[in-house]
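Asker: Dropping in upload10.txt, with compact mmCIF, C-alpha atoms.
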# COMPACT_ATOMS: atom_id res chain seq x y z
CA MET A 50 30.08 -59.90 11.77
CA THR A 51 26.62 -58.79 12.83
CA ALA A 52 28.03 -55.54 14.21
CA LEU A 53 29.89 -54.92 10.95
CA LEU A 54 26.78 -55.47 8.84
CA PHE A 55 24.80 -53.15 11.09
CA SER A 56 27.50 -50.52 10.64
CA LEU A 57 27.49 -50.96 6.88
CA ALA A 58 23.72 -50.61 6.69
CA THR A 59 23.99 -46.91 7.39
CA LEU A 60 25.67 -46.14 4.06
CA PHE A 61 22.56 -45.63 2.00
CA PHE A 62 19.81 -45.26 4.54
CA THR A 63 20.72 -44.38 8.13
CA LEU A 64 23.21 -41.73 7.03
CA THR A 65 20.42 -39.96 5.18
CA GLN A 66 18.66 -39.34 8.47
CA GLY A 67 21.67 -37.39 9.74
CA LEU A 68 21.81 -35.12 12.75
CA HIS A 69 20.44 -32.19 10.78
CA THR A 70 16.96 -31.59 9.48
CA PRO A 71 17.13 -31.67 5.66
CA ASN A 72 15.57 -28.86 3.66
CA CYS A 73 12.86 -30.61 1.67
CA ASN A 74 11.23 -27.46 0.34
CA VAL A 75 13.91 -26.08 -1.95
CA PRO A 76 11.90 -24.23 -4.61
CA ASP A 77 12.39 -25.09 -8.27
CA GLN A 78 13.54 -21.92 -10.01
CA GLY A 79 13.68 -20.83 -13.64
CA SER A 80 14.40 -23.95 -15.67
CA THR A 81 16.17 -25.78 -12.81
CA LEU A 82 14.49 -28.57 -10.85
CA GLN A 83 15.55 -30.16 -7.59
CA VAL A 84 16.52 -33.79 -8.12
CA ILE A 85 15.70 -36.01 -5.14
CA HIS A 86 17.02 -39.49 -4.46
CA VAL A 87 14.20 -41.97 -3.83
CA ASN A 88 15.77 -42.89 -0.46
CA SER A 89 16.18 -39.28 0.64
CA PRO A 90 14.49 -38.09 3.85
CA CYS A 91 12.62 -35.77 1.48
CA SER A 92 11.21 -38.69 -0.52
CA PRO A 93 7.90 -40.37 0.35
CA PHE A 94 9.26 -43.55 -1.26
CA ARG A 95 12.14 -44.18 1.16
CA PRO A 96 11.98 -47.41 3.19
CA LYS A 97 10.03 -46.95 6.41
CA THR A 98 12.36 -49.40 8.12
CA PRO A 99 16.08 -49.19 7.28
CA LEU A 100 17.23 -52.36 5.54
CA SER A 101 20.21 -54.38 6.67
CA TRP A 102 23.36 -53.85 4.62
CA GLU A 103 23.07 -57.25 2.96
CA ALA A 104 19.40 -56.70 2.13
CA SER A 105 19.97 -53.21 0.71
CA LEU A 106 23.01 -54.36 -1.26
CA LEU A 107 21.21 -57.35 -2.75
CA GLN A 108 18.21 -55.17 -3.58
CA MET A 109 20.31 -52.60 -5.42
CA GLN A 110 22.26 -55.21 -7.31
CA SER A 111 19.07 -57.07 -8.20
CA SER A 112 17.67 -53.79 -9.49
CA ASP A 113 20.79 -53.21 -11.57
CA LYS A 114 20.63 -56.70 -13.09
CA ALA A 115 16.99 -56.13 -13.95
CA ARG A 116 17.78 -52.68 -15.33
CA LEU A 117 20.46 -54.07 -17.63
CA GLN A 118 18.11 -56.84 -18.74
CA TYR A 119 15.50 -54.22 -19.51
CA LEU A 120 17.88 -51.95 -21.45
CA SER A 121 19.29 -54.88 -23.40
CA SER A 122 15.80 -56.16 -24.18
CA LEU A 123 14.90 -52.77 -25.60
CA LEU A 124 17.86 -53.09 -27.94
CA VAL A 125 16.79 -56.52 -29.07
CA ALA A 126 13.13 -55.60 -29.50
CA GLY A 127 13.88 -52.25 -31.07
CA ARG A 128 10.90 -50.75 -29.31
CA SER A 129 9.64 -50.04 -25.80
CA ILE A 130 7.93 -53.38 -25.29
CA VAL A 131 9.65 -56.42 -23.83
CA PRO A 132 8.53 -59.70 -22.26
CA ILE A 133 7.68 -59.64 -18.57
CA ALA A 134 10.10 -61.80 -16.65
CA SER A 135 8.61 -64.95 -15.22
CA GLY A 136 8.97 -66.01 -11.61
CA ARG A 137 10.14 -63.51 -8.99
CA ALA A 138 9.02 -59.94 -9.61
CA ILE A 139 11.66 -57.56 -10.97
CA THR A 140 12.00 -54.10 -9.52
CA GLN A 141 14.15 -51.64 -11.47
CA ASN A 142 12.75 -48.22 -10.68
CA PRO A 143 14.95 -45.24 -11.61
CA THR A 144 16.73 -43.78 -8.61
CA TYR A 145 15.91 -40.07 -8.89
CA ILE A 146 12.69 -38.05 -8.93
CA VAL A 147 11.66 -34.48 -9.75
CA ARG A 148 8.55 -32.42 -9.06
CA ALA A 149 6.28 -31.90 -12.07
CA LYS A 150 2.98 -30.03 -12.11
CA ILE A 151 0.35 -31.27 -14.51
CA GLY A 152 -3.04 -29.81 -15.47
CA THR A 153 -5.05 -26.67 -14.75
CA PRO A 154 -5.06 -26.09 -11.83
CA ALA A 155 -1.73 -27.84 -11.38
CA GLN A 156 -1.45 -31.20 -9.64
CA THR A 157 2.04 -32.02 -8.32
CA LEU A 158 3.58 -35.43 -8.93
CA LEU A 159 7.05 -36.76 -8.07
CA MET A 160 8.08 -38.32 -11.38
CA ALA A 161 11.07 -40.61 -11.87
CA VAL A 162 13.76 -39.31 -14.23
CA ASP A 163 14.81 -41.85 -16.86
CA THR A 164 17.39 -40.83 -19.45
CA SER A 165 16.92 -44.07 -21.40
CA ASN A 166 13.18 -43.74 -21.99
CA ASP A 167 11.06 -41.37 -24.03
CA ALA A 168 7.33 -41.06 -23.41
CA ALA A 169 6.17 -39.76 -20.04
CA TRP A 170 3.36 -41.46 -18.17
CA VAL A 171 1.53 -40.96 -14.88
CA PRO A 172 -1.06 -42.96 -12.91
CA CYS A 173 -4.54 -41.51 -13.39
CA THR A 174 -7.58 -41.57 -11.12
CA GLY A 175 -9.29 -44.95 -11.27
CA CYS A 176 -6.14 -46.77 -12.29
CA VAL A 177 -6.17 -50.41 -11.25
CA GLY A 178 -2.89 -51.44 -9.63
CA CYS A 179 -1.49 -47.91 -9.24
CA SER A 180 -0.41 -46.03 -6.13
CA ALA A 181 -2.72 -43.89 -4.02
CA THR A 182 -1.33 -40.66 -5.52
CA THR A 183 -2.74 -40.15 -9.00
CA PHE A 184 -3.47 -37.43 -11.53
CA ASN A 185 -7.17 -36.56 -11.82
CA PRO A 186 -8.01 -35.64 -15.43
CA ASN A 187 -11.52 -34.55 -14.47
CA SER A 188 -10.06 -31.78 -12.32
CA SER A 189 -8.03 -30.25 -15.16
CA ALA A 190 -9.60 -27.72 -17.52
CA THR A 191 -6.84 -28.27 -20.12
CA PHE A 192 -6.90 -32.08 -20.28
CA LYS A 193 -7.78 -33.79 -23.56
CA PRO A 194 -7.32 -37.26 -25.05
CA VAL A 195 -5.31 -37.82 -28.22
CA ALA A 196 -7.34 -38.94 -31.23
CA CYS A 197 -6.55 -42.15 -33.07
CA GLY A 198 -5.56 -40.33 -36.23
CA ALA A 199 -3.07 -38.04 -34.50
CA PRO A 200 0.61 -38.55 -35.43
CA GLN A 201 1.50 -39.11 -31.76
CA CYS A 202 -0.54 -42.31 -31.82
CA ASN A 203 2.05 -43.87 -34.13
CA GLN A 204 4.91 -42.89 -31.84
CA VAL A 205 3.95 -44.98 -28.80
CA PRO A 206 4.65 -48.70 -28.41
CA ASN A 207 1.86 -51.08 -29.36
CA PRO A 208 -0.80 -48.40 -30.07
CA SER A 209 -4.49 -49.29 -30.04
CA CYS A 210 -7.71 -47.47 -30.79
CA GLY A 211 -10.78 -48.25 -28.74
CA GLY A 212 -13.36 -45.93 -30.19
CA THR A 213 -11.90 -42.58 -31.19
CA THR A 214 -9.04 -42.15 -28.71
CA CYS A 215 -5.52 -43.57 -28.77
CA GLY A 216 -4.19 -46.02 -26.19
CA PHE A 217 -1.04 -48.09 -25.83
CA ASN A 218 0.48 -50.96 -23.88
CA LEU A 219 4.05 -51.48 -22.75
CA THR A 220 6.15 -53.34 -20.25
CA TYR A 221 8.62 -51.64 -17.94
CA GLY A 222 10.89 -54.02 -16.08
CA GLY A 223 8.54 -56.46 -14.38
CA SER A 224 5.39 -54.40 -14.93
CA ALA A 225 2.77 -54.19 -17.64
CA ILE A 226 1.03 -50.88 -18.32
CA ALA A 227 -2.13 -50.00 -20.24
CA ALA A 228 -2.60 -46.27 -20.79
CA GLY A 229 -4.52 -43.75 -22.77
CA LEU A 230 -2.53 -41.21 -24.76
CA VAL A 231 -3.48 -37.72 -23.60
CA GLN A 232 -2.39 -34.09 -23.55
CA ASP A 233 -2.31 -31.46 -20.83
CA ASN A 234 -0.17 -28.61 -19.57
CA ILE A 235 2.97 -29.50 -17.66
CA THR A 236 4.99 -27.09 -15.53
CA LEU A 237 8.65 -27.79 -14.78
CA ALA A 238 10.14 -25.31 -12.32
CA THR A 239 8.64 -22.05 -13.66
CA ASP A 240 8.37 -23.20 -17.30
CA SER A 241 4.91 -24.09 -18.60
CA VAL A 242 4.47 -26.37 -21.61
CA SER A 243 1.05 -26.53 -23.27
CA ASP A 244 -0.41 -29.67 -24.85
CA PHE A 245 2.29 -31.98 -23.53
CA THR A 246 1.63 -35.55 -24.71
CA PHE A 247 1.91 -38.35 -22.14
CA GLY A 248 0.35 -41.61 -21.06
CA CYS A 249 -2.50 -41.71 -18.56
CA ILE A 250 -2.14 -45.13 -16.91
CA GLN A 251 -5.39 -47.06 -16.52
CA THR A 252 -4.05 -50.43 -15.36
CA ALA A 253 -0.68 -51.55 -14.04
CA THR A 254 0.66 -54.88 -12.85
CA GLY A 255 3.95 -55.77 -11.21
CA THR A 256 6.30 -53.78 -9.00
CA SER A 257 8.40 -51.73 -11.42
CA VAL A 258 6.12 -48.79 -12.22
CA PRO A 259 7.42 -45.59 -10.54
CA ALA A 260 4.70 -44.69 -8.04
CA GLN A 261 3.88 -41.23 -9.40
CA GLY A 262 4.96 -41.63 -12.99
CA LEU A 263 7.98 -41.34 -15.24
CA LEU A 264 9.53 -38.42 -17.13
CA GLY A 265 11.45 -39.61 -20.17
CA LEU A 266 14.64 -37.68 -20.92
CA GLY A 267 15.69 -39.77 -23.91
CA ARG A 268 15.87 -38.29 -27.38
CA GLY A 269 13.03 -40.16 -29.08
CA SER A 270 10.01 -38.50 -30.70
CA LEU A 271 7.76 -38.30 -27.59
CA SER A 272 10.46 -37.48 -25.05
CA LEU A 273 10.46 -34.25 -23.07
CA LEU A 274 13.38 -33.01 -25.19
CA SER A 275 11.58 -33.60 -28.47
CA GLN A 276 8.30 -32.05 -27.30
CA THR A 277 10.04 -28.95 -25.90
CA SER A 278 12.73 -28.49 -28.57
CA SER A 279 11.77 -24.85 -29.19
CA LEU A 280 11.96 -24.10 -25.45
CA TYR A 281 14.93 -26.17 -24.29
CA GLN A 282 16.71 -26.76 -27.63
CA SER A 283 17.14 -30.44 -26.75
CA THR A 284 19.73 -29.59 -24.09
CA PHE A 285 19.85 -30.40 -20.39
CA SER A 286 22.28 -31.24 -17.62
CA TYR A 287 22.04 -32.86 -14.22
CA CYS A 288 24.15 -33.21 -11.08
CA LEU A 289 23.41 -36.17 -8.84
CA PRO A 290 24.20 -35.89 -5.13
CA SER A 291 26.45 -38.15 -3.13
CA TYR A 292 24.70 -41.18 -1.70
CA LYS A 293 26.08 -40.13 1.69
CA SER A 294 24.52 -36.67 1.53
CA VAL A 295 22.02 -35.78 4.25
CA ASN A 296 19.93 -33.80 1.78
CA PHE A 297 20.26 -36.31 -1.07
CA SER A 298 19.38 -33.49 -3.48
CA GLY A 299 20.88 -32.42 -6.80
CA SER A 300 19.64 -30.46 -9.79
CA LEU A 301 18.29 -30.82 -13.32
CA ARG A 302 18.84 -27.84 -15.63
CA LEU A 303 16.70 -27.69 -18.74
CA GLY A 304 17.74 -25.69 -21.80
CA PRO A 305 21.05 -24.16 -22.97
CA ASN A 306 21.01 -21.29 -20.47
CA SER A 307 23.08 -21.61 -17.28
CA GLN A 308 24.91 -24.65 -18.62
CA PRO A 309 28.66 -24.85 -17.93
CA GLN A 310 30.63 -23.12 -20.67
CA ARG A 311 33.99 -24.69 -19.95
CA ILE A 312 33.25 -28.38 -19.91
CA ARG A 313 35.05 -31.15 -21.74
CA THR A 314 32.80 -33.12 -24.06
CA THR A 315 32.78 -36.25 -26.15
CA PRO A 316 30.62 -36.99 -29.21
CA LEU A 317 27.24 -38.69 -28.78
CA LEU A 318 26.75 -41.72 -31.00
CA LYS A 319 23.47 -42.64 -32.69
CA ASN A 320 21.89 -46.08 -32.64
CA PRO A 321 18.87 -46.24 -34.98
CA ARG A 322 17.65 -49.36 -33.16
CA ARG A 323 17.42 -47.43 -29.91
CA SER A 324 17.60 -43.74 -30.70
CA SER A 325 16.82 -42.65 -27.13
CA PHE A 326 20.03 -44.07 -25.62
CA TYR A 327 22.96 -41.72 -24.95
CA TYR A 328 25.82 -43.71 -26.45
CA VAL A 329 29.42 -42.54 -26.16
CA ASN A 330 32.72 -44.02 -27.26
CA LEU A 331 34.57 -45.42 -24.24
CA VAL A 332 38.12 -46.12 -25.45
CA GLY A 333 40.03 -46.95 -22.28
CA ILE A 334 40.18 -47.12 -18.48
CA LYS A 335 43.01 -46.21 -16.12
CA VAL A 336 43.37 -47.54 -12.58
CA GLY A 337 45.47 -44.98 -10.78
CA ARG A 338 48.02 -43.86 -13.36
CA ARG A 339 48.15 -47.18 -15.17
CA GLY A 340 46.18 -47.86 -18.34
CA VAL A 341 44.38 -51.19 -18.25
CA ASN A 342 44.94 -53.63 -21.10
CA ILE A 343 41.38 -54.12 -22.41
CA PRO A 344 40.57 -55.54 -25.86
CA PRO A 345 39.02 -52.84 -28.11
CA SER A 346 36.15 -55.23 -28.86
CA ALA A 347 34.93 -54.74 -25.27
CA PHE A 348 34.10 -51.10 -26.04
CA ALA A 349 33.23 -51.34 -29.76
CA PHE A 350 30.00 -49.60 -30.80
CA ASP A 351 27.69 -51.81 -32.88
CA PRO A 352 24.14 -50.54 -33.59
CA ASN A 353 23.06 -53.99 -34.79
CA THR A 354 23.79 -55.76 -31.51
CA GLY A 355 23.44 -52.73 -29.21
CA ALA A 356 27.06 -53.07 -28.10
CA GLY A 357 28.81 -50.00 -26.78
CA THR A 358 28.66 -47.66 -23.79
CA VAL A 359 25.74 -45.58 -22.49
CA PHE A 360 25.17 -43.09 -19.66
CA ASP A 361 22.05 -44.06 -17.70
CA SER A 362 20.15 -42.52 -14.77
CA GLY A 363 18.43 -45.74 -13.68
CA THR A 364 21.43 -47.98 -12.98
CA VAL A 365 23.24 -47.60 -9.64
CA PHE A 366 26.66 -49.23 -10.17
CA THR A 367 28.65 -49.08 -13.40
CA ILE A 368 28.47 -52.29 -15.40
CA LEU A 369 31.29 -53.28 -17.74
CA VAL A 370 31.33 -56.15 -20.21
CA LYS A 371 33.13 -59.09 -18.68
CA PRO A 372 36.58 -58.71 -20.36
CA ALA A 373 36.72 -55.03 -19.37
CA TYR A 374 35.55 -55.58 -15.80
CA THR A 375 37.92 -58.50 -15.24
CA ALA A 376 40.88 -56.44 -16.48
CA VAL A 377 39.96 -53.43 -14.30
CA ARG A 378 39.36 -55.61 -11.23
CA ASP A 379 42.61 -57.51 -11.68
CA GLU A 380 44.65 -54.29 -12.06
CA PHE A 381 42.90 -52.86 -8.99
CA ARG A 382 43.84 -55.96 -6.99
CA ARG A 383 47.40 -55.87 -8.33
CA GLN A 384 47.86 -52.31 -7.08
CA MET A 385 46.57 -53.36 -3.65
CA GLY A 386 49.50 -55.77 -3.36
CA ASN A 387 49.15 -58.57 -0.82
CA ALA A 388 46.10 -57.11 0.92
CA THR A 389 43.47 -59.76 1.60
CA VAL A 390 40.55 -59.65 -0.82
CA SER A 391 37.06 -60.51 0.38
CA SER A 392 33.55 -60.27 -1.05
CA LEU A 393 30.40 -58.64 0.25
CA GLY A 394 27.01 -59.19 -1.31
CA GLY A 395 27.66 -59.19 -5.05
CA PHE A 396 30.89 -57.21 -4.84
CA ASP A 397 33.93 -59.42 -5.36
CA THR A 398 36.75 -57.00 -4.47
CA CYS A 399 36.57 -55.74 -0.89
CA TYR A 400 39.24 -54.75 1.65
CA THR A 401 39.43 -54.04 5.37
CA VAL A 402 42.62 -51.99 4.93
CA PRO A 403 42.87 -48.50 3.37
CA VAL A 404 42.57 -48.58 -0.42
CA THR A 405 45.66 -47.09 -2.04
CA VAL A 406 44.23 -46.63 -5.55
CA PRO A 407 43.51 -42.87 -5.75
CA THR A 408 41.47 -42.66 -8.95
CA ILE A 409 39.84 -44.61 -11.74
CA THR A 410 39.54 -42.82 -15.09
CA PHE A 411 37.15 -43.49 -17.96
CA ILE A 412 38.71 -42.29 -21.22
CA PHE A 413 36.53 -40.95 -24.04
CA PRO A 414 37.60 -38.97 -27.14
CA GLY A 415 38.08 -35.40 -25.87
CA LEU A 416 37.13 -36.27 -22.29
CA ASN A 417 38.75 -38.01 -19.33
CA MET A 418 36.27 -38.72 -16.52
CA SER A 419 38.55 -39.08 -13.50
CA LEU A 420 36.77 -40.56 -10.50
CA PRO A 421 37.90 -39.98 -6.90
CA GLN A 422 37.43 -42.80 -4.41
CA ASP A 423 33.91 -41.71 -3.44
CA ASN A 424 32.87 -42.56 -7.02
CA PHE A 425 34.30 -46.06 -7.19
CA LEU A 426 34.41 -47.34 -3.58
CA ILE A 427 31.40 -48.30 -1.52
CA ARG A 428 32.37 -47.94 2.12
CA SER A 429 31.01 -48.90 5.52
CA SER A 430 29.93 -45.98 7.68
CA ALA A 431 32.99 -46.53 9.89
CA GLY A 432 35.24 -46.72 6.84
CA SER A 433 36.57 -50.14 7.87
CA THR A 434 35.44 -51.99 4.73
CA SER A 435 35.66 -50.76 1.13
CA CYS A 436 34.49 -52.51 -2.04
CA LEU A 437 35.03 -51.77 -5.72
CA ALA A 438 31.59 -50.48 -6.73
CA MET A 439 31.38 -51.92 -10.24
CA ALA A 440 30.20 -55.18 -11.72
CA ALA A 441 30.53 -57.38 -14.78
CA ALA A 442 27.70 -57.61 -17.28
CA PRO A 443 25.85 -60.95 -17.19
CA ASP A 444 27.60 -63.51 -19.35
CA ASN A 445 25.00 -64.20 -22.01
CA SER A 446 24.36 -63.10 -25.59
CA VAL A 447 21.72 -60.47 -24.75
CA ASN A 448 23.17 -58.66 -21.76
CA SER A 449 26.90 -59.08 -22.23
CA VAL A 450 27.50 -56.35 -24.84
CA LEU A 451 26.46 -53.14 -23.05
CA ASN A 452 28.67 -51.00 -20.79
CA VAL A 453 26.64 -48.68 -18.53
CA ILE A 454 28.11 -45.61 -16.80
CA ALA A 455 25.83 -45.53 -13.77
CA THR A 456 24.74 -43.07 -11.09
CA PHE A 457 27.23 -44.01 -8.35
CA GLN A 458 30.03 -43.08 -10.75
CA GLN A 459 28.14 -39.97 -11.93
CA GLN A 460 27.41 -38.54 -8.45
CA ASN A 461 28.84 -35.07 -7.81
CA HIS A 462 29.45 -34.58 -11.54
CA ARG A 463 27.59 -32.24 -13.89
CA VAL A 464 26.56 -34.33 -16.91
CA LEU A 465 25.61 -32.25 -19.95
CA ILE A 466 23.50 -33.64 -22.81
CA ASP A 467 23.58 -31.39 -25.89
CA VAL A 468 21.68 -33.16 -28.66
CA PRO A 469 21.86 -30.43 -31.35
CA ASN A 470 25.66 -30.46 -31.13
CA SER A 471 25.70 -34.24 -30.56
CA ARG A 472 27.89 -34.10 -27.46
CA LEU A 473 27.97 -35.25 -23.84
CA GLY A 474 30.01 -33.35 -21.25
CA VAL A 475 31.18 -34.22 -17.74
CA ALA A 476 32.68 -31.94 -15.08
CA ARG A 477 33.19 -32.32 -11.34
CA GLU A 478 30.59 -30.37 -9.35
CA PRO A 479 29.77 -30.93 -5.67
CA CYS A 480 25.98 -30.85 -5.54
CA SER A 481 25.15 -32.73 -2.35
Represent the supplied structure as structure tokens.

Answerer:
Amino acid sequence: MTALLFSLATLFFTLTQGLHTPNCNVPDQGSTLQVIHVNSPCSPFRPKTPLSWEASLLQMQSSDKARLQYLSSLLVAGRSIVPIASGRAITQNPTYIVRAKIGTPAQTLLMAVDTSNDAAWVPCTGCVGCSATTFNPNSSATFKPVACGAPQCNQVPNPSCGGTTCGFNLTYGGSAIAAGLVQDNITLATDSVSDFTFGCIQTATGTSVPAQGLLGLGRGSLSLLSQTSSLYQSTFSYCLPSYKSVNFSGSLRLGPNSQPQRIRTTPLLKNPRRSSFYYVNLVGIKVGRRGVNIPPSAFAFDPNTGAGTVFDSGTVFTILVKPAYTAVRDEFRRQMGNATVSSLGGFDTCYTVPVTVPTITFIFPGLNMSLPQDNFLIRSSAGSTSCLAMAAAPDNSVNSVLNVIATFQQQNHRVLIDVPNSRLGVAREPCS
């Protein structure tokens, strides 16, 4: 058993070391940024000591549970401020980072990409509780605070005015943040944006704050899309690399140019209670060629409760409401016949024989997202153990209503977000 767990531990961490030296200096070009996984050899945030399989699995699943709790709490609160969980600290950092240059002269930060949040924020010099890498406002000739009377001050959660400048407070997972609202130039790839509004963190507590800041790709008023609508026309796409890739690097394309022209899309849905979320209408799931019998209520969109289905860049494994997950899992097991089912970590459907299910398909109006095995099986490095890489939503009134299409299922797909045309597209694209 010990040998098996050691073998499994290589899936997310040891494999990234590889036998080849990864290229960590791929230049960002035009309006396209390199997307880096936080555990990539190119990331300064990767674990210094590879975790055991059980430890890494439990950590990722704990992060996903915390992420879902956070997303669901946003729906309940209707704003970006939620209670900090008591007891054990919650870590739910987004999984992918991009290079952003802020200020004049530019200071480079590796900011987490979060498609379910709006306002950007970075740790600033003198911040209490932040990482060692910070943005220094005093070194930027274009930095300026936002005045209390500015309209942006009403667009942040829990705004406050100490003196003449605007500040705000929020919680993010298990962390509390106090920040000043400021403006400065930001450069993404070769695109420069003047007077970009973001938070300059002054104090932070807890373990959930991304070390060098967060770039919100939601569609709320202070998101990157809203602030750059004339430049990027509220359109972007991303391709996330395979977790087994040596380079662990994908891409983020901003703006309508260079987006795939022939891509199947499905309508985006709007939730006034949480306008930043990218809701879609999931109507069915197929395991292999067989449609799964799932009650329509499991997928029903309800803005009042937050029920429905979202695409999210901060959750690792797809989460389905309990009736949907149970039906998918049971059909998966049925197609595996008499093969012995085991569990590993929090995964309840694992096999030590080859998995015969070739695909799992998410069905949306106008779009079938057909997943090969690499997008729904988590495997040991030797390939001897495979687990269904999905989970059921927690069974309580707050968290049980939201289906989340997560990054493991999105990897090696181009996901297009086109807000003006209210559509989301998905197409297979190897980008590892």

Asker: List the spatial neighbours of A:Cys436 as a list in words - criterion: any atom at most 8 Å away, all atoms listed in the file, same-chain residues fewer than 5 positions off excluded.

Answerer: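 Listed by chain and then number, they are Ser392, Leu393, Phe396, Asp397, Thr398, Cys399, Tyr400, Leu426, Ile427 and Arg428 of chain A.
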
Asker: Pick out the residues sitting within 8 Å of A:Gly248, and hand them over as a JSON list (two decimals) with C-alpha atoms, in the coordinates of the input; count only C-alpha atoms, and ignore anything fewer than 5 positions along from it in its own chain.

Answerer:
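Heads up, here's the output in selection.json:
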[["chain", "number", "residue", "atom", "x", "y", "z"],
["A", 168, "ALA", "CA", 7.33, -41.06, -23.41],
["A", 169, "ALA", "CA", 6.17, -39.76, -20.04],
["A", 170, "TRP", "CA", 3.36, -41.46, -18.17],
["A", 171, "VAL", "CA", 1.53, -40.96, -14.88],
["A", 228, "ALA", "CA", -2.60, -46.27, -20.79],
["A", 229, "GLY", "CA", -4.52, -43.75, -22.77],
["A", 230, "LEU", "CA", -2.53, -41.21, -24.76],
["A", 231, "VAL", "CA", -3.48, -37.72, -23.60]]

Asker: Write out as CSV a residue-level contact list of stretch 211-322 of chain A versus stretch 439-462 of chain A with cut-off 8 Å: for each qualifying residue the closest pair of atoms and the distance in Å to one decimal, counting only C-alpha atoms, rows sorted by chain and residue number upward.

Answerer:
residue,atom,partner,partner_atom,distance
A:Cys288,CA,A:His462,CA,5.5
A:Leu289,CA,A:Gln460,CA,4.7
A:Pro290,CA,A:Gln460,CA,5.3
A:Ser291,CA,A:Gln460,CA,5.4
A:Tyr292,CA,A:Phe457,CA,7.7

Asker: Using only C-alpha atoms, find the one residue out of A:Val468, A:Cys91, A:Val84, A:Ala388 that sits nearest to A:Thr284.

Answerer: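 Of all the options, A:Val468 lies closest to A:Thr284.
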
Asker: Could you give me, as a ChimeraX atom specification, the residues within 8 Å of A:Leu237, counting only C-alpha atoms and dropping anything in the same chain fewer than 3 positions from it?

Answerer: /A:77,80,82,148-150,240-241

Asker: Work out how far apart atom CA of A:Ser300 and atom CA of A:Ser419 are and give it in Å to one decimal.

Answerer: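 That distance, rounded to one decimal, is 21.1 Å.
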
Asker: Can you list, as a CSV table (one decimal) with C-alpha atoms, in the frame of the given file, every protein, DNA or RNA residue that comes within 10 Å of A:Ala196 when you count only C-alpha atoms, leaving out same-chain residues fewer than 6 positions away?

Answerer:
chain,number,residue,atom,x,y,z
A,202,CYS,CA,-0.5,-42.3,-31.8
A,210,CYS,CA,-7.7,-47.5,-30.8
A,212,GLY,CA,-13.4,-45.9,-30.2
A,213,THR,CA,-11.9,-42.6,-31.2
A,214,THR,CA,-9.0,-42.2,-28.7
A,215,CYS,CA,-5.5,-43.6,-28.8
A,216,GLY,CA,-4.2,-46.0,-26.2
A,230,LEU,CA,-2.5,-41.2,-24.8
A,231,VAL,CA,-3.5,-37.7,-23.6

Asker: Under the rule that all atoms listed in the file are counted, which of A:Ser257, A:Thr408, A:Ser180, A:Gln118 is the nearest residue to A:Ile334?

Answerer: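 Smallest separation from A:Ile334 among the options: A:Thr408.
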
Asker: For stretch 325-333 of chain A, please output as a PyMOL selection string all residues within 10 Å (counting all atoms listed in the file; exclusion window: fewer than 5 positions along the same chain).

Answerer: chain A and resi 120+124+164-167+265-270+272+315-320+340-350+355-361+373+410-414+416-417+452-454+466+468+471-473

Asker: So the first atom is atom CA of A:Ser391 and the second is atom CA of A:Thr367; what is the distance between them in Å, to one decimal place?

Answerer: 19.8 Å

Asker: Of the residues A:Leu280, A:Leu369, A:Val205, A:Ala238, which is the one nearest to A:Leu301, using only C-alpha atoms?

Answerer: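 Checking each of A:Leu280, A:Leu369, A:Val205, A:Ala238 against A:Leu301, counting only C-alpha atoms, the winner is A:Ala238.
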
Asker: From the options A:Arg116, A:Thr252, A:Leu263, A:Gln232, which residue's atoms come nearest to A:Thr174, counting all atoms listed in the file?

Answerer: A:Thr252

Asker: Step by step, gather every atom of stretch 251-262 of chain A that the file lists, find the box along x, y and z that holds them, add 4 Å on each side, and finally give centre and edge lengths in Å to one decimal, as lines of an AutoDock Vina configuration file.

Answerer:
center_x = 1.5
center_y = -48.5
center_z = -12.3
size_x = 21.8
size_y = 22.5
size_z = 16.5
